[in-house]
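Novice: Once you've had a glance at the structure underneath, I'll fire off some questions.
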Amino acid sequence: MANVAGTDRAPMMGDPSPEGRFGRFGGRFIPETLVPACQELEKAFRSAWGDPEFRSEFSSLLADYAGRPSPITEAGRMGEALGYRILLKREDLNHTGSHKINNVLGQALLAKRMGKTRLIAETGAGQHGVATATAAALFGMECIVYMGEVDIERQKLNVFRMNLLGAEVVPAMSGSRTLKDAVNEAMRDWVATVEDSYYCLGSAMGPHPYPWMVRTFHEVIGSEAREQCARLLDGGVPDVVTACVGGGSNAIGIFSGFADTDAELVGVEPAGGAAVGRRVPGVVHGSKSFLMQDEVGQVLEAESISAGLDYPGVGPEHAHLADIGRARYEPVTDDEVVEAFQFMSKLEGIIPALEPAHALAWMMRAREELAGKTVLLNLSGRGDKDVAQMQKVLSGE
Amino acid sequence: MSDEIGAFEANLRKRRDAGGKVLVPYITGGLGDDWLETLRAVADAGADGIEIGIPFSDPVMDGPTIQEANDRALDHGATPAGILSAVKDADIGVPLAVMTYYNIAFRAGDVRFANDLAAAGVSAAILPDLPLEETDEWAAAADDAGIETVLLAAPTAPDERLPRICERSRGFVYGVGLLGITGVRDELAQSAMDIAGRLKAVTDKPVLVGVGVGTPAQAVQVSTVSDGVVVGSAIVNRMLAGDGPEGVAALVREFREALDSM
């Protein structure tokens with residue numbers, strides 16, 4: 001076990017600069033039309049987060065509606081097989097099946113406070129879309145979800161769920177027809193409807209204040225895990241905290257609880273979507289971060305078995321954590337992910353979503369490095385949404 | 001350099017000072033084999049300046065027409081360097097502005113991209129995802145290279161914001177005509193008239209309105225308040241339809257004649 005470096009929250013993952021910068025990343029690179037909306041949103045978020053009534057309403061929703069706190073499960077059989085201790089933070093047990101609900105409940109509450117009546121969202125695997133549709137139903141708001149045409153095909157069940165919840169799912173037909181293009185369409189919608197619509201962005205990315213605000217709504221993952229680990233580890237923290245990274249919201253949430261400790265932070269990216277791994281800075285979807293792009297700056301299409309990680313960029317705070325060496329980022333292949341998906345299902349009776357299966361895939365590969373340690377894996381979602389796709393993959397279709 | 005009037009603005013002022021209305025058509029660089037001839041034909045048809053779009057993979061401010069033009073040009077192998085070198089060797093006869101998204105400039109490096117534009121004989125740059133607060137680094141490089149950075153002003157801006165945008169804008173001030181992305185609309189939005197009026201009240205720089213200005217009648221309507229218009233999707237529609245340089249130029253002439261008849 002690593003030692004806790006200090007009891008105060010270190011400035012390691014503090015507030016961004018007034019311009020929304022984390023180190024050299026972040027900012028607000030958006031059409032002029034949206035600048036006043038982002039400024040208004042920032043002001044509203046600051047005021048809401050400083051308001052005990054908002055905080056208490058948010059906490060109640062997380063507890064009574066989403067089912068928090070999520071437990072930590074000791075994965076004994078996997079630990080025995082791999083030769084180190086494994087703890088799972090069970091975000092898969094939240095209402096709607098993933099961590100996404102934390103952020104969405106926070107943003108929907110904020111939208112209500114701002115008097116907005118329509119939620120816009122983008123979604124990759126559909127988890128954020130389902131979560132947003134859920135919050136819209138709960139608050140009686142209109143909900144439009146943009147989803148890449150390719151992802152709609154991969155995640156039909158989630159499309160049906162969103163429809164059932166009363167949301168309209170609009171296919172994004174441009175470009176690679178995946179998450180990146182769904183973000184483009186959501187931003188185009190918002191440019192036209194900014195007066196009554198609220199853009200409920202699903203990851204810790206986009207223009208300021210989104211990366212900071214989304215992280216803040218997900219900090220509950222890290223703060224719960226910190227306390228739970230302290231109980232389990234005799235006041236200590238895990239040696240390693242790991243999570244998958246697409247845009248990076250679940251990872252930033254759990255990292256926030258351990259950034260000021262000695263725990264090693266490891267983000268795991270799909271090899272075909274390793275924005276941090278390639279270390280090339282760029283600007284798209286509102287912020288400066290690492291970005292997969294060609295030599296002249298055209299954004300490349302990510303390729304991953306997981307629709308939720310099929311994204312060529314990454315949230316700016318991850319770029320910053322990589323830049324300063326506080327977190328490291330490892331790529332895994334689709335084949336490794338397929339193996340990890342089955343491994344956890346068979347050994348723990350937990351079918352993971354393909355996204356967190358990435359983090360497990362890295363853990364399986366790094367077993368020598370991890371021998372004898374304690375590793376906390378953020379199990380960000382459950383695999384129900386992926387079983388139809390995996391059935392095809394495993395039957396060789 | 002930055003307080004001097006650049007070539008783009010100078011040409012717009014010339015038209016305005018002579019009592020005319022300014023016409024700045026947009027064409028997508030690298031779209032089709034004859035885009036350079038189209039550029040020349042558009043200049044000859046009475047453009048006061050031309051915006052050349054450098055295609056970007058993720059144009060969030062653009063509607064279906066310019067998205068498709070972007071995709072086609074990229075599929076055809078269009079690159080920033082290719083478009084700039086074609087422009088450099090062409091003698092177009094009117095000042096040129098490049099419109100692209102910031103990552104294209106950022107990837108090359110602000111200074112290098114600004115110098116590349118200047119070397120190609122381009123006068124101005126429009127980067128729709130680089131709002132006032134993020135402009136400093138780019139604008140410093142652009143000012144040094146003699147490139148006029150045109151800023152956009154949108155209907156959502158509070159009154160206090162507009163003078164700051166106008167102050168930093170070079171070439172002209174680009175009034176965004178509506179809440180939404182580029183594309184032809186059936187009617188001119190009231191917001192186009194409003195933003196034109198609000199901008200004219202706070203700046204002497206040329207004020208052009210674009211986004212949602214798709215017909216000669218709409219151009220005339222908004223130019224009763226603004227100094228002129230930017231016309232994009234209507235023109236690119238003609239390029240996509242394969243109308244060729246003459247077909248595109250014919251539309252530009254319609255705009256020119258309508259504005260001249262005011």
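Starting from 1 in every chain, residues are counted up; chains themselves are A, B, ... following the order of the structure tokens, and ligands are numbered from 1 as listed.
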Mind listing as a count of residues only which residues of chain A are within 6 Å of chain B, counting only C-alpha atoms?

Specialist: 14

Novice: Residues at most 7 Å from Ile27 of chain B, counting only C-alpha atoms, excluding those fewer than 3 positions away in the same chain, as number ranges by chain?

Specialist: B: 51-53, 232, 235-236

Novice: Give me, please, the distance in Å between atom CA of Gly77 of chain B and atom CA of Met99 of chain B, quoted to one decimal.

Specialist: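 Atom-to-atom, atom CA of Gly77 of chain B and atom CA of Met99 of chain B are spaced 17.9 Å apart.
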
Novice: Take atom CA of Gly286 of chain A and atom CA of Glu122 of chain A and report the distance between them in Å, one decimal.

Specialist: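 Here the two named atoms are 14.4 Å from each other.
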
Novice: As a VMD selection string, which residues of segment 212-242 of chain B does DSSP assign to alpha helix (DSSP H)?

Specialist: chain B and resid 216 to 223 233 to 240

Novice: Considering only C-alpha atoms, return as an NGL selection string whatever protein or nucleic-acid residues lie within 9 Å of Gly140 of chain A, sequence-local ones (same chain, fewer than 4 positions apart) excluded.

Specialist: :A and (117 or 135-136)

Novice: Write out as a list of chain:residue names the residues lying within 12 Å of Arg15 of chain B, counting only C-alpha atoms and excluding same-chain residues fewer than 2 positions away.

Specialist: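 The filter keeps B:Phe8, B:Glu9, B:Ala10, B:Asn11, B:Leu12, B:Arg13, B:Asp17, B:Ala18, B:Gly19, B:Gly20, B:Lys21, B:Val22, B:Leu23, B:Val24, B:Gly46, B:Ala47, B:Asp48, B:Gly49, B:Pro206, B:Asp227, B:Gly228, B:Arg256, B:Leu259, B:Asp260.
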
Novice: Quick one: write out the picked residues with C-alpha atoms as a short mmCIF file (atom, residue, chain, number, x, y, z; two decimals), in the first residue's frame?

Specialist:
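File produced: selection.cif:
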```
data_model
loop_
_atom_site.label_atom_id
_atom_site.label_comp_id
_atom_site.auth_asym_id
_atom_site.auth_seq_id
_atom_site.Cartn_x
_atom_site.Cartn_y
_atom_site.Cartn_z
CA PHE B 8 -8.80 43.38 -47.41
CA GLU B 9 -10.35 46.16 -45.37
CA ALA B 10 -9.04 48.80 -47.76
CA ASN B 11 -10.85 47.23 -50.69
CA LEU B 12 -14.11 46.94 -48.74
CA ARG B 13 -13.84 50.55 -47.65
CA ASP B 17 -16.86 55.00 -49.63
CA ALA B 18 -18.07 55.02 -53.23
CA GLY B 19 -21.60 54.47 -51.91
CA GLY B 20 -21.76 50.79 -52.79
CA LYS B 21 -22.48 47.63 -50.84
CA VAL B 22 -19.82 45.02 -50.26
CA LEU B 23 -20.06 41.48 -51.61
CA VAL B 24 -17.76 38.76 -50.25
CA GLY B 46 -17.92 41.66 -58.94
CA ALA B 47 -16.67 40.29 -55.62
CA ASP B 48 -14.96 42.85 -53.39
CA GLY B 49 -13.04 40.12 -51.64
CA PRO B 206 -16.97 47.48 -42.50
CA ASP B 227 -22.19 47.48 -45.29
CA GLY B 228 -22.69 44.28 -47.23
CA ARG B 256 -23.70 42.14 -57.42
CA LEU B 259 -26.61 45.24 -54.37
CA ASP B 260 -25.69 47.79 -57.02
#
```
